[in-house]
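Remarks on the structure that follows.
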Amino acid sequence: MPPNRPADLTGGCQCGAVRFRARLLGRGSICHCRMCQKAFGGFFGPLITAHDAKWTRGEPKWFQSSNAARRAFCGECGTPLAYETRFGLELAIGAFDDPELAAPSIQVNLADKLPFFDGLTSLPVRNDDGEWRDFLAGIHSNQHPDHDTDDWPPRGDAA
């Protein structure tokens, strides 16, 4: 275990209805397959093997995405949470409270990798100034915080 890594790695969906905990992680990957692109609504699926994951709040809904795999997501907010095959469970790296502790170490299924993927880091960067800065300053997030809570939403808040 890396230094300063908590024994329990926690995470969950955006709305807080589904939470998980794991201690024993395997290899993290970026999967470029088309099913992961669709399931995550992104350019790839970031996943890490979790040998001992437990759902600690709520239960995800499952979609049988192929004859060999099913995918877990929050039935309330739609956050992608996991991928499961006969080989085991993989959790979505971005769903961890601290995704840096579950960094990918390999890319897989390169045949479906989008042709522009390798050039993404060379795109121009938009400065956070002017109208965009004002827009961001006015946002109030309803997202669950990046740590376990006794309940969610906090008492007194609308669901």
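How things are named: the first chain in the structure tokens is A, the next is B, and so on; residues count from 1 in each chain; ligands count from 1 in the order shown.
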Spatial neighbours of range 76-84 of chain A, max dist 10 Å, only C-alpha atoms, sep filter under 4 positions, as a PyMOL selection string: chain A and resi 11-20+36+39-41+45-50+60-65+68-72+88-96
Closest of A:Pro145, A:His51, A:Leu24, A:Asn109 to Phe87 in chain A - atom-to-atom distances counting only C-alpha atoms: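 Going through A:Pro145, A:His51, A:Leu24, A:Asn109 one by one, the smallest distance to Phe87 in chain A is for A:His51.
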For CA of Ile106 in chain A and CA of Ile30 in chain A, the interatomic separation in Å (one decimal):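 According to the coordinates, CA of Ile106 in chain A and CA of Ile30 in chain A are separated by 6.4 Å.
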Between CA of Gln143 in chain A and CA of Arg21 in chain A - distance in Å to one decimal: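 Calculated distance between CA of Arg21 in chain A and CA of Gln143 in chain A is 18.4 Å.
Running DSSP on the backbone and keeping only helix (DSSP H, G or I), the residues of range 14-108 of chain A that qualify are Arg34, Met35, Cys36, Gln37, Lys38, Ala39, Phe40, Ile93, Gly94, Ala95, Pro99, Glu100, Leu101 and Ala102 of chain A.
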Close residues, Phe44 in chain A itself excluded, 10 Å, only C-alpha atoms, min 5 positions apart in chain, as a PyMOL selection string: chain A and resi 29-39+107-109+112-114+117
Interatomic distance, CA of Gly58 in chain A to CA of Ala22 in chain A (Å, one decimal): 15.5 Å
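Ranking A:Phe135, A:Phe43, A:Cys74, A:Arg57 by their shortest atom-to-atom distance to Asp118 in chain A, with only C-alpha atoms included, puts A:Phe43 first.
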Asp97 in chain A surroundings by only C-alpha atoms, 7 Å radius, close-in-sequence under 5 positions cut, as a list in words: Thr10, Gly11, Asp146 and His147 of chain A
Nearest-residue call for Pro6 in chain A, choices A:Asp98, A:Asp150, A:Glu131, A:Glu59, using only C-alpha atoms: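 Of all the options, A:Asp98 lies closest to Pro6 in chain A.
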